[in-house]
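A.B. asks: My questions all concern the structure below.
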Number of protein chains: 2
Amino acid sequence: MPRVTLQTLADELGVSRATVSNAFGRPDQLSATLRARILARAAELGFGGPDPVGRGLRRGRVGSVGVLVDQGLSYAFSDPATVLYLDGLARELQEGGFGLLLHAGTGARTDVELIRRAAVDAWVVASLPRDHPAVKAAVGSHRPVVVLDQPRLPGVPLVGIDDEAGAATAARHLLGLGHHRLGVLAMALQADGRQGIADGRRQARTTYEVMDRRLGGVRREVAAAGLAWTDVPVVECASNDVDTGALGTWELLDRADPPTAVVAFSDQLAVGALRAAQELGIGIPRELSVVGFDDAPPAATAQPPLTTVAQPLAERGQAAGALVRALVEGRPVAVLPPYPVELVVRASTAPPAVAVVTPG
Amino acid sequence: MPRVTLQTLADELGVSRATVSNAFGRPDQLSATLRARILARAAELGFGGPDPVGRGLRRGRVGSVGVLVDQGLSYAFSDPATVLYLDGLARELQEGGFGLLLHAGTGARTDVELIRRAAVDAWVVASLPRDHPAVKAAVGSHRPVVVLDQPRLPGVPLVGIDDEAGAATAARHLLGLGHHRLGVLAMALQADGRQGIADGRRQARTTYEVMDRRLGGVRREVAAAGLAWTDVPVVECASNDVDTGALGTWELLDRADPPTAVVAFSDQLAVGALRAAQELGIGIPRELSVVGFDDAPPAATAQPPLTTVAQPLAERGQAAGALVRALVEGRPVAVLPPYPVELVVRASTAPPAVAVVTPG
DNA sequence: CCACGCTACTTAATCGATACAGATGCGTCC
DNA sequence: GGACGCATCTGTATCGATTAAGTAGCGTGG
């Protein structure tokens with residue numbers, strides 16, 4: 001009835017508990033024949049190896065890494081980009097013998113309690129807003145933390161990309177094609193579920209740093225082209241999915257002077273823009289150009305295929321995993337420079353229908 | 001330098017370790033003022049509460065539940081149906097204070113080792129083949145196990161649906177519309193990556209019980225309609241995604257006597273069928289009828305909207321979570337009857353173009 | 001004034017394992 | 001033949017917490 005432990009086995013076989021432990025974890029510490037006997041008896045008793053929790057306590061490691069994602073799981077996993085980097089992360093961590101303890105911030109207060117009570121060796125913060133309580137809880141857990149994308153935290157390694165450059169490239173591409181009226185389709189600027197046009201005030205208050213940087217990139221290029229940033233409508237999409245992207249696009253186009261080109265801050269939103277355009281009977285790219293962000297799998301298969309800012313998703317996930325491994329093993333880690341991004345031009349962008357050629 | 005523990009705090013304040021423990025876990029066991037003092041000092045020292053591993057060892061519970069999914073994470077999460085029930089599961093478990101330790105069967109031998117070493121209170125086996133080594137490892141871990149869909153294991157609670165009835169309903173619907181030439185688009189019958197027509201021999205050897213049951217359901221209806229099962233081509237799709245579904249559909253239609261109606265065993269595959277038809281210039285439902293399975297979100301938004309066999313995905317995930325909670329807490333659990341399924345008729349099915357009306 | 005009950009703590013056993021410092025025995029080398 | 005090395009196993013401290021049982025101290029009712 002009582003649980004089988006190393007001690008049970010030791011008593012059964014008349015050896016010490018230490019030897020039984022070694023039979024499982026350090027084969028070189030005992031003779032092959034004794035080890036075989038121990039393992040055989042263990043199998044008979046249905047003993048599957050040392051208890052992970054006891055082992056974890058003693059060794060100071062349990063072999064799991066917590067991952068904090070925004071919103072619910074279904075939401076996080078509906079985004080192919082998120083899935084891709086989680087996959088990279090999971091692979092790398094599994095390689096190192098770690099499991100992935102997923103934690104979706106539900107926003108409830110119990111979140112923090114759960115994080116405090118979670119038996120993990122480290123935390124990966126996967127793109128959370130700066131003020132999210134889960135972030136504080138993770139940092140306060142006295143375990144290594146690695147951040148993906150955001151938020152930047154002092155002394156915490158970050159695996160990010162050059163967001164500003166990425167967004168700037170997208171904007172420059174469109175401006176270079178001759179567009180003068182841009183629109184921006186952004187993800188949430190704050191976690192308050194707000195949807196719609198975000199004015200300057202709102203833009204300045206985002207708690208999602210990635211949005212801040214990408215807006216900055218577009219703004220920079222718009223200014224460089226001699227245009228007014230206040231003339232560029234920014235629509236904030238409360239969720240990063242196709243439906244909401246379509247909704248946001250409706251809003252962008254339903255204006256007095258609708259944009260001829262849209263910079264979307266994710267492929268999800270961009271695909272939503274394509275759908276909205278189709279519903280409205282607007283030809284892409286003839287009447288509207290759309291640039292996405294991420295180059296997630298759906299970008300290439302979209303109709304038309306999306307011009308988008310490519311970033312190494314799986315690779316970054318893997319890099320985050322490698323950082324975690326290093327930190328847990330006490331190895332020093334270097335500061336990672338932002339991963340480069342690259343514009344992939346496909347068929348969703350073209351010069352505006354009525355090109356306004358500037359003299360010169 | 002050394003870690004702050006309950007003992008550190010106890011020494012600091014001149015109280016016993018037990019009292020400090022109680023300050024965190026059982027507030028009624030000490031005076032409010034002392035508790036406040038302890039908590040205050042804890043905050044000062046940056047002590048975030050009792051160590052989860054020590055706690056876990058003593059209490060016999062760590063607060064995490066392992067989830068075993070087939071293939072890699074990106075694969076599992078590319079299926080909206082999987083995402084939906086994992087979301088239900090996660091919600092229910094978070095409610096109970098458990099985190100989700102995800103474990104994607106990579107097929108490597110290290111999988112089993114990882115499972116053995118994972119600090120979890122229970123396992124959820126999410127639709128694995130009968131012979132998957134991870135299943136044995138989970139069952140052998142001496143922790144409660146709950147199975148989603150498959151495999152059926154003696155003495156292990158299962159949260160399933162009536163697969164046979166579901167598939168039968170789909171087939172009956174098509175046969176009732178007047179179709180005489182059916183085709184089946186199945187998921188993998190074995191985990192060997194094989195793709196293409198599965199003959200009777202292969203069908204009989206599936207290690208995925210769900211496929212077995214669904215094939216049985218279709219077979220039953222085909223027989224009831226007086227047709228020969230051997231005339232019904234079954235194409236096995238190695239991965240459950242849209243691309244592979246399209247590929248399988250090509251194979252199904254590229255035959256001497258192509259089917260006029262397809263039963264797909266997932267919405268993913270069904271959407272693939274829609275795409276293949278579009279590529280081939282085949283009108284749906286005029287020239288080809290398609291029935292899906294799951295009624296995952298994409299089913300309703302597909303073009304045309306999919307007729308599909310609906311099943312309560314999130315609800316089942318939640319039910320699995322509830323079972324896990326009960327088992328971990330030592331409460332007895334009743335055997336769950338299969339969840340009912342229901343055919344949702346949308347626009348992807350219609351009578352065959354050249355209806356063969358039986359006299360009578 | 002004693003017994004009783006209550007609150008507020010403390011004591012000590014325990015969860016299951018790991019790792020380091022011995023202990024033991026045996027062969028070998030000079 | 002004594003010293004030494006080596007392989008193989010044991011003894012024991014320790015990881016960080018929980019909890020049942022025990023002990024003061026204090027107020028109260030008979």
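In the structure tokens, each chain is lettered A, B, ... as it comes, each chain's residues begin at 1, and ligands are numbered from 1 in order of appearance.
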Tell me the residues of chain B close to chain D, meaning within 6 Å using only C-alpha atoms (C1' of nucleotides), as a CSV table (one decimal) with C-alpha atoms, in the first residue's frame.

C.D. replies:
```csv
chain,number,residue,atom,x,y,z
B,54,GLY,CA,9.7,21.7,-0.7
B,55,ARG,CA,6.0,22.3,-0.3
B,58,ARG,CA,5.8,17.5,1.9
```

A.B. asks: Please list as a ChimeraX atom specification every residue within 9 Å of region 268-282 of chain A, counting only C-alpha atoms (C1' of nucleotides) and excluding residues in the same chain fewer than 4 positions away.

C.D. replies: /A:79-81,185-187,237,240-250,262-264,286-288,290-293,296,298-299,302-304,306,308,348

A.B. asks: Find the spatial neighbours of Tyr208 (chain A), counting only C-alpha atoms (C1' of nucleotides), within a cut-off of 7 Å - ignore same-chain residues fewer than 2 positions away - and output them as a VMD selection string.

C.D. replies: chain A and resid 129 to 130 189 to 190 206 210 to 212

A.B. asks: Within 10 Å of chain A, which residues of chain C come that close, and what is the closest atom pair and distance in Å for each? Count only C-alpha atoms (C1' of nucleotides) and give it as CSV.

C.D. replies:
```
residue,atom,partner,partner_atom,distance
C:DC15,C1',A:Gly54,CA,7.9
C:DG16,C1',A:Gly54,CA,4.4
C:DA17,C1',A:Arg55,CA,4.7
C:DT18,C1',A:Arg58,CA,6.0
C:DA19,C1',A:Ala18,CA,9.0
```

A.B. asks: Using only C-alpha atoms, tabulate the residues of chain B lying at most 7 Å from any atom of chain A, each with its closest atom pair and that distance in Å to one decimal, by chain and increasing residue number, as a tab-separated table.

C.D. replies:
```
residue	atom	partner	partner_atom	distance
B:Gly48	CA	A:Ser141	CA	6.1
B:Gly49	CA	A:Arg116	CA	7.0
B:Pro52	CA	A:Ala119	CA	5.1
B:Val53	CA	A:Ala119	CA	5.6
B:Gly54	CA	A:Leu57	CA	6.0
B:Gly56	CA	A:Val53	CA	6.9
B:Leu57	CA	A:Val53	CA	5.7
B:Val62	CA	A:Ala119	CA	6.6
B:Gly63	CA	A:Ala118	CA	6.7
B:Leu73	CA	A:Asp87	CA	5.4
B:Ser74	CA	A:Asp87	CA	5.4
B:Phe77	CA	A:Phe77	CA	6.1
B:Val83	CA	A:Ser74	CA	5.6
B:Leu84	CA	A:Ser74	CA	6.0
B:Asp87	CA	A:Leu73	CA	5.4
B:Gly97	CA	A:Leu114	CA	6.2
B:Gly99	CA	A:Leu101	CA	6.3
B:Leu100	CA	A:Leu101	CA	5.3
B:Leu101	CA	A:Leu101	CA	4.1
B:Leu102	CA	A:Leu100	CA	5.3
B:His103	CA	A:Gly99	CA	6.4
B:Leu114	CA	A:Gly97	CA	6.2
B:Arg116	CA	A:Gly48	CA	6.8
B:Arg117	CA	A:Pro52	CA	5.2
B:Ala118	CA	A:Pro52	CA	6.0
B:Ala119	CA	A:Pro52	CA	5.1
B:Gly140	CA	A:Gly48	CA	6.5
B:Ser141	CA	A:Gly48	CA	6.1
```

A.B. asks: Would you save the residues of that selection, restricted to N, CA and C atoms, as a PDB file, in the first residue's frame?

C.D. replies:
```pdb
ATOM      1  N   GLY B  48       9.193  35.405  -1.619  1.00  0.00           N
ATOM      2  CA  GLY B  48       7.915  35.337  -2.326  1.00  0.00           C
ATOM      3  C   GLY B  48       6.998  34.213  -1.898  1.00  0.00           C
ATOM      4  N   GLY B  49       7.214  33.685  -0.725  1.00  0.00           N
ATOM      5  CA  GLY B  49       6.377  32.574  -0.284  1.00  0.00           C
ATOM      6  C   GLY B  49       7.154  31.282  -0.268  1.00  0.00           C
ATOM      7  N   PRO B  52       7.949  26.141  -3.746  1.00  0.00           N
ATOM      8  CA  PRO B  52       6.969  25.191  -4.267  1.00  0.00           C
ATOM      9  C   PRO B  52       7.454  23.745  -4.249  1.00  0.00           C
ATOM     10  N   VAL B  53       8.732  23.545  -4.390  1.00  0.00           N
ATOM     11  CA  VAL B  53       9.207  22.164  -4.459  1.00  0.00           C
ATOM     12  C   VAL B  53       9.208  21.520  -3.073  1.00  0.00           C
ATOM     13  N   GLY B  54       9.720  22.266  -2.092  1.00  0.00           N
ATOM     14  CA  GLY B  54       9.686  21.737  -0.731  1.00  0.00           C
ATOM     15  C   GLY B  54       8.258  21.473  -0.312  1.00  0.00           C
ATOM     16  N   GLY B  56       5.815  20.965  -2.251  1.00  0.00           N
ATOM     17  CA  GLY B  56       5.282  19.865  -3.045  1.00  0.00           C
ATOM     18  C   GLY B  56       5.674  18.510  -2.466  1.00  0.00           C
ATOM     19  N   LEU B  57       6.916  18.422  -2.045  1.00  0.00           N
ATOM     20  CA  LEU B  57       7.378  17.147  -1.496  1.00  0.00           C
ATOM     21  C   LEU B  57       6.579  16.792  -0.247  1.00  0.00           C
ATOM     22  N   VAL B  62       2.389  18.948  -6.365  1.00  0.00           N
ATOM     23  CA  VAL B  62       3.161  20.107  -6.803  1.00  0.00           C
ATOM     24  C   VAL B  62       2.321  21.149  -7.519  1.00  0.00           C
ATOM     25  N   GLY B  63       1.124  20.753  -7.925  1.00  0.00           N
ATOM     26  CA  GLY B  63       0.289  21.751  -8.600  1.00  0.00           C
ATOM     27  C   GLY B  63       0.531  21.856 -10.080  1.00  0.00           C
ATOM     28  N   LEU B  73       4.601  20.629 -30.790  1.00  0.00           N
ATOM     29  CA  LEU B  73       3.633  21.616 -30.346  1.00  0.00           C
ATOM     30  C   LEU B  73       3.009  22.356 -31.514  1.00  0.00           C
ATOM     31  N   SER B  74       3.834  22.735 -32.474  1.00  0.00           N
ATOM     32  CA  SER B  74       3.301  23.551 -33.562  1.00  0.00           C
ATOM     33  C   SER B  74       2.275  22.754 -34.343  1.00  0.00           C
ATOM     34  N   PHE B  77      -0.913  22.565 -32.152  1.00  0.00           N
ATOM     35  CA  PHE B  77      -1.623  23.826 -32.037  1.00  0.00           C
ATOM     36  C   PHE B  77      -2.088  24.377 -33.361  1.00  0.00           C
ATOM     37  N   VAL B  83      -6.609  22.967 -29.932  1.00  0.00           N
ATOM     38  CA  VAL B  83      -6.455  24.202 -29.167  1.00  0.00           C
ATOM     39  C   VAL B  83      -7.675  24.430 -28.288  1.00  0.00           C
ATOM     40  N   LEU B  84      -8.819  24.179 -28.853  1.00  0.00           N
ATOM     41  CA  LEU B  84     -10.045  24.434 -28.113  1.00  0.00           C
ATOM     42  C   LEU B  84     -10.164  23.551 -26.888  1.00  0.00           C
ATOM     43  N   ASP B  87      -7.640  24.488 -24.287  1.00  0.00           N
ATOM     44  CA  ASP B  87      -8.037  25.710 -23.605  1.00  0.00           C
ATOM     45  C   ASP B  87      -9.036  25.390 -22.486  1.00  0.00           C
ATOM     46  N   GLY B  97      -5.957  25.450  -9.430  1.00  0.00           N
ATOM     47  CA  GLY B  97      -4.619  25.754  -8.951  1.00  0.00           C
ATOM     48  C   GLY B  97      -3.528  24.935  -9.619  1.00  0.00           C
ATOM     49  N   GLY B  99      -1.056  24.093 -12.958  1.00  0.00           N
ATOM     50  CA  GLY B  99      -0.517  24.551 -14.226  1.00  0.00           C
ATOM     51  C   GLY B  99      -0.464  23.386 -15.192  1.00  0.00           C
ATOM     52  N   LEU B 100      -0.224  23.713 -16.433  1.00  0.00           N
ATOM     53  CA  LEU B 100      -0.225  22.710 -17.486  1.00  0.00           C
ATOM     54  C   LEU B 100       1.191  22.448 -17.966  1.00  0.00           C
ATOM     55  N   LEU B 101       1.706  21.264 -17.725  1.00  0.00           N
ATOM     56  CA  LEU B 101       3.037  20.944 -18.217  1.00  0.00           C
ATOM     57  C   LEU B 101       2.915  20.234 -19.555  1.00  0.00           C
ATOM     58  N   LEU B 102       3.198  20.971 -20.604  1.00  0.00           N
ATOM     59  CA  LEU B 102       2.980  20.412 -21.930  1.00  0.00           C
ATOM     60  C   LEU B 102       4.126  19.525 -22.347  1.00  0.00           C
ATOM     61  N   HIS B 103       3.754  18.458 -22.973  1.00  0.00           N
ATOM     62  CA  HIS B 103       4.758  17.518 -23.397  1.00  0.00           C
ATOM     63  C   HIS B 103       4.417  16.980 -24.757  1.00  0.00           C
ATOM     64  N   LEU B 114      11.898  11.934 -19.994  1.00  0.00           N
ATOM     65  CA  LEU B 114      11.353  13.216 -19.555  1.00  0.00           C
ATOM     66  C   LEU B 114      10.065  13.026 -18.768  1.00  0.00           C
ATOM     67  N   ARG B 116       9.165  10.394 -17.073  1.00  0.00           N
ATOM     68  CA  ARG B 116       9.515   9.816 -15.778  1.00  0.00           C
ATOM     69  C   ARG B 116       9.996  10.878 -14.802  1.00  0.00           C
ATOM     70  N   ARG B 117      10.716  11.830 -15.323  1.00  0.00           N
ATOM     71  CA  ARG B 117      11.345  12.826 -14.467  1.00  0.00           C
ATOM     72  C   ARG B 117      10.490  14.065 -14.260  1.00  0.00           C
ATOM     73  N   ALA B 118       9.315  14.077 -14.822  1.00  0.00           N
ATOM     74  CA  ALA B 118       8.482  15.276 -14.741  1.00  0.00           C
ATOM     75  C   ALA B 118       7.757  15.334 -13.405  1.00  0.00           C
ATOM     76  N   ALA B 119       7.849  16.483 -12.767  1.00  0.00           N
ATOM     77  CA  ALA B 119       7.177  16.668 -11.482  1.00  0.00           C
ATOM     78  C   ALA B 119       5.741  17.097 -11.707  1.00  0.00           C
ATOM     79  N   GLY B 140       2.628   4.243 -16.084  1.00  0.00           N
ATOM     80  CA  GLY B 140       3.580   3.647 -15.163  1.00  0.00           C
ATOM     81  C   GLY B 140       4.091   4.611 -14.106  1.00  0.00           C
ATOM     82  N   SER B 141       3.630   5.842 -14.162  1.00  0.00           N
ATOM     83  CA  SER B 141       4.159   6.844 -13.242  1.00  0.00           C
ATOM     84  C   SER B 141       3.484   6.821 -11.878  1.00  0.00           C
TER      85      SER B 141
END
```

A.B. asks: Please report, as a VMD selection string, each residue of region 81-198 of chain B to which DSSP assigns alpha helix (DSSP H) when run on this structure's backbone.

C.D. replies: chain B and resid 81 to 95 110 to 117 133 to 139 163 to 176

A.B. asks: Create the file for the chosen residues now, containing N, CA and C atoms and written as a compact mmCIF listing (two decimals), in the first residue's frame.

C.D. replies:
```txt
# COMPACT_ATOMS: atom_id res chain seq x y z
N ALA B 81 -9.17 22.46 -33.25
CA ALA B 81 -9.93 21.59 -32.35
C ALA B 81 -9.09 21.26 -31.11
N THR B 82 -7.84 20.92 -31.34
CA THR B 82 -6.94 20.63 -30.22
C THR B 82 -6.80 21.85 -29.32
N VAL B 83 -6.61 22.97 -29.93
CA VAL B 83 -6.45 24.20 -29.17
C VAL B 83 -7.67 24.43 -28.29
N LEU B 84 -8.82 24.18 -28.85
CA LEU B 84 -10.04 24.43 -28.11
C LEU B 84 -10.16 23.55 -26.89
N TYR B 85 -9.86 22.27 -27.02
CA TYR B 85 -10.03 21.47 -25.82
C TYR B 85 -8.89 21.65 -24.84
N LEU B 86 -7.73 22.00 -25.35
CA LEU B 86 -6.64 22.32 -24.41
C LEU B 86 -6.98 23.57 -23.62
N ASP B 87 -7.64 24.49 -24.29
CA ASP B 87 -8.04 25.71 -23.60
C ASP B 87 -9.04 25.39 -22.49
N GLY B 88 -10.00 24.56 -22.80
CA GLY B 88 -10.97 24.16 -21.78
C GLY B 88 -10.27 23.47 -20.61
N LEU B 89 -9.36 22.61 -20.96
CA LEU B 89 -8.60 21.89 -19.94
C LEU B 89 -7.80 22.86 -19.08
N ALA B 90 -7.11 23.78 -19.72
CA ALA B 90 -6.27 24.73 -18.99
C ALA B 90 -7.11 25.58 -18.05
N ARG B 91 -8.24 26.02 -18.51
CA ARG B 91 -9.08 26.86 -17.67
C ARG B 91 -9.51 26.11 -16.41
N GLU B 92 -9.99 24.92 -16.62
CA GLU B 92 -10.46 24.14 -15.49
C GLU B 92 -9.32 23.86 -14.51
N LEU B 93 -8.18 23.53 -15.04
CA LEU B 93 -7.07 23.20 -14.16
C LEU B 93 -6.53 24.44 -13.44
N GLN B 94 -6.50 25.54 -14.14
CA GLN B 94 -6.05 26.76 -13.47
C GLN B 94 -6.99 27.11 -12.34
N GLU B 95 -8.25 26.87 -12.59
CA GLU B 95 -9.26 27.07 -11.55
C GLU B 95 -8.88 26.27 -10.30
N THR B 110 14.10 9.96 -25.53
CA THR B 110 14.20 10.81 -24.35
C THR B 110 12.83 11.21 -23.82
N ASP B 111 11.83 11.12 -24.65
CA ASP B 111 10.47 11.42 -24.23
C ASP B 111 10.13 10.70 -22.95
N VAL B 112 10.34 9.40 -22.98
CA VAL B 112 9.95 8.58 -21.84
C VAL B 112 10.73 9.01 -20.61
N GLU B 113 11.97 9.30 -20.81
CA GLU B 113 12.80 9.74 -19.71
C GLU B 113 12.27 11.04 -19.13
N LEU B 114 11.90 11.93 -19.99
CA LEU B 114 11.35 13.22 -19.55
C LEU B 114 10.07 13.03 -18.77
N ILE B 115 9.25 12.13 -19.22
CA ILE B 115 7.99 11.87 -18.54
C ILE B 115 8.24 11.30 -17.15
N ARG B 116 9.17 10.39 -17.07
CA ARG B 116 9.51 9.82 -15.78
C ARG B 116 10.00 10.88 -14.80
N ARG B 117 10.72 11.83 -15.32
CA ARG B 117 11.35 12.83 -14.47
C ARG B 117 10.49 14.06 -14.26
N PRO B 133 4.89 5.05 -26.69
CA PRO B 133 5.64 4.80 -25.44
C PRO B 133 5.29 5.78 -24.33
N ALA B 134 4.91 7.00 -24.71
CA ALA B 134 4.58 8.00 -23.69
C ALA B 134 3.38 7.55 -22.86
N VAL B 135 2.48 6.84 -23.49
CA VAL B 135 1.29 6.38 -22.78
C VAL B 135 1.70 5.41 -21.67
N LYS B 136 2.56 4.51 -22.02
CA LYS B 136 3.01 3.55 -21.02
C LYS B 136 3.72 4.27 -19.88
N ALA B 137 4.55 5.23 -20.25
CA ALA B 137 5.29 5.96 -19.24
C ALA B 137 4.35 6.69 -18.29
N ALA B 138 3.32 7.29 -18.84
CA ALA B 138 2.37 8.03 -18.01
C ALA B 138 1.65 7.08 -17.06
N VAL B 139 1.18 5.97 -17.61
CA VAL B 139 0.46 5.02 -16.78
C VAL B 139 1.39 4.42 -15.72
N ASP B 163 -17.69 8.31 -31.42
CA ASP B 163 -17.07 8.46 -32.74
C ASP B 163 -17.81 7.70 -33.83
N GLU B 164 -18.21 6.51 -33.48
CA GLU B 164 -18.86 5.71 -34.51
C GLU B 164 -20.16 6.37 -34.97
N ALA B 165 -20.95 6.81 -33.99
CA ALA B 165 -22.21 7.46 -34.34
C ALA B 165 -21.96 8.73 -35.15
N GLY B 166 -20.94 9.46 -34.76
CA GLY B 166 -20.64 10.71 -35.47
C GLY B 166 -20.34 10.46 -36.93
N ALA B 167 -19.42 9.54 -37.16
CA ALA B 167 -19.06 9.24 -38.54
C ALA B 167 -20.25 8.66 -39.30
N ALA B 168 -21.02 7.84 -38.60
CA ALA B 168 -22.19 7.23 -39.24
C ALA B 168 -23.18 8.31 -39.66
N THR B 169 -23.39 9.28 -38.78
CA THR B 169 -24.31 10.37 -39.11
C THR B 169 -23.88 11.10 -40.37
N ALA B 170 -22.59 11.36 -40.43
CA ALA B 170 -22.06 12.06 -41.60
C ALA B 170 -22.33 11.24 -42.86
N ALA B 171 -22.02 9.96 -42.79
CA ALA B 171 -22.21 9.11 -43.96
C ALA B 171 -23.68 9.00 -44.34
N ARG B 172 -24.51 8.85 -43.32
CA ARG B 172 -25.95 8.71 -43.57
C ARG B 172 -26.49 9.96 -44.26
N HIS B 173 -25.99 11.09 -43.81
CA HIS B 173 -26.42 12.35 -44.41
C HIS B 173 -26.13 12.35 -45.91
N LEU B 174 -24.93 11.95 -46.26
CA LEU B 174 -24.53 11.96 -47.66
C LEU B 174 -25.30 10.91 -48.46
N LEU B 175 -25.42 9.74 -47.87
CA LEU B 175 -26.15 8.68 -48.56
C LEU B 175 -27.60 9.09 -48.75
N GLY B 176 -28.13 9.74 -47.73
CA GLY B 176 -29.51 10.19 -47.79
C GLY B 176 -29.73 11.24 -48.87
```

A.B. asks: By how many Å are CA of Ala228 (chain B) and CA of Ala353 (chain B) apart?

C.D. replies: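 According to the coordinates, CA of Ala228 (chain B) and CA of Ala353 (chain B) are separated by 21.6 Å.
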
A.B. asks: Residues of region 33-209 of chain B classed as strand (DSSP E) by DSSP on the backbone are to be reported as an NGL selection string.

C.D. replies: :B and (64-69 or 99-104 or 122-126 or 145-148 or 158-159 or 182-186 or 196-197)

A.B. asks: To one decimal place in Å, what is the distance between CA of Arg325 (chain A) and CA of Trp123 (chain B)?

C.D. replies: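 Separation of CA of Arg325 (chain A) and CA of Trp123 (chain B): 24.7 Å.
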
A.B. asks: At what distance in Å, to one decimal, does CA of Val232 (chain B) lie from CA of Ala256 (chain B)?

C.D. replies: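 Going from CA of Ala256 (chain B) over to CA of Val232 (chain B), I get 12.5 Å.
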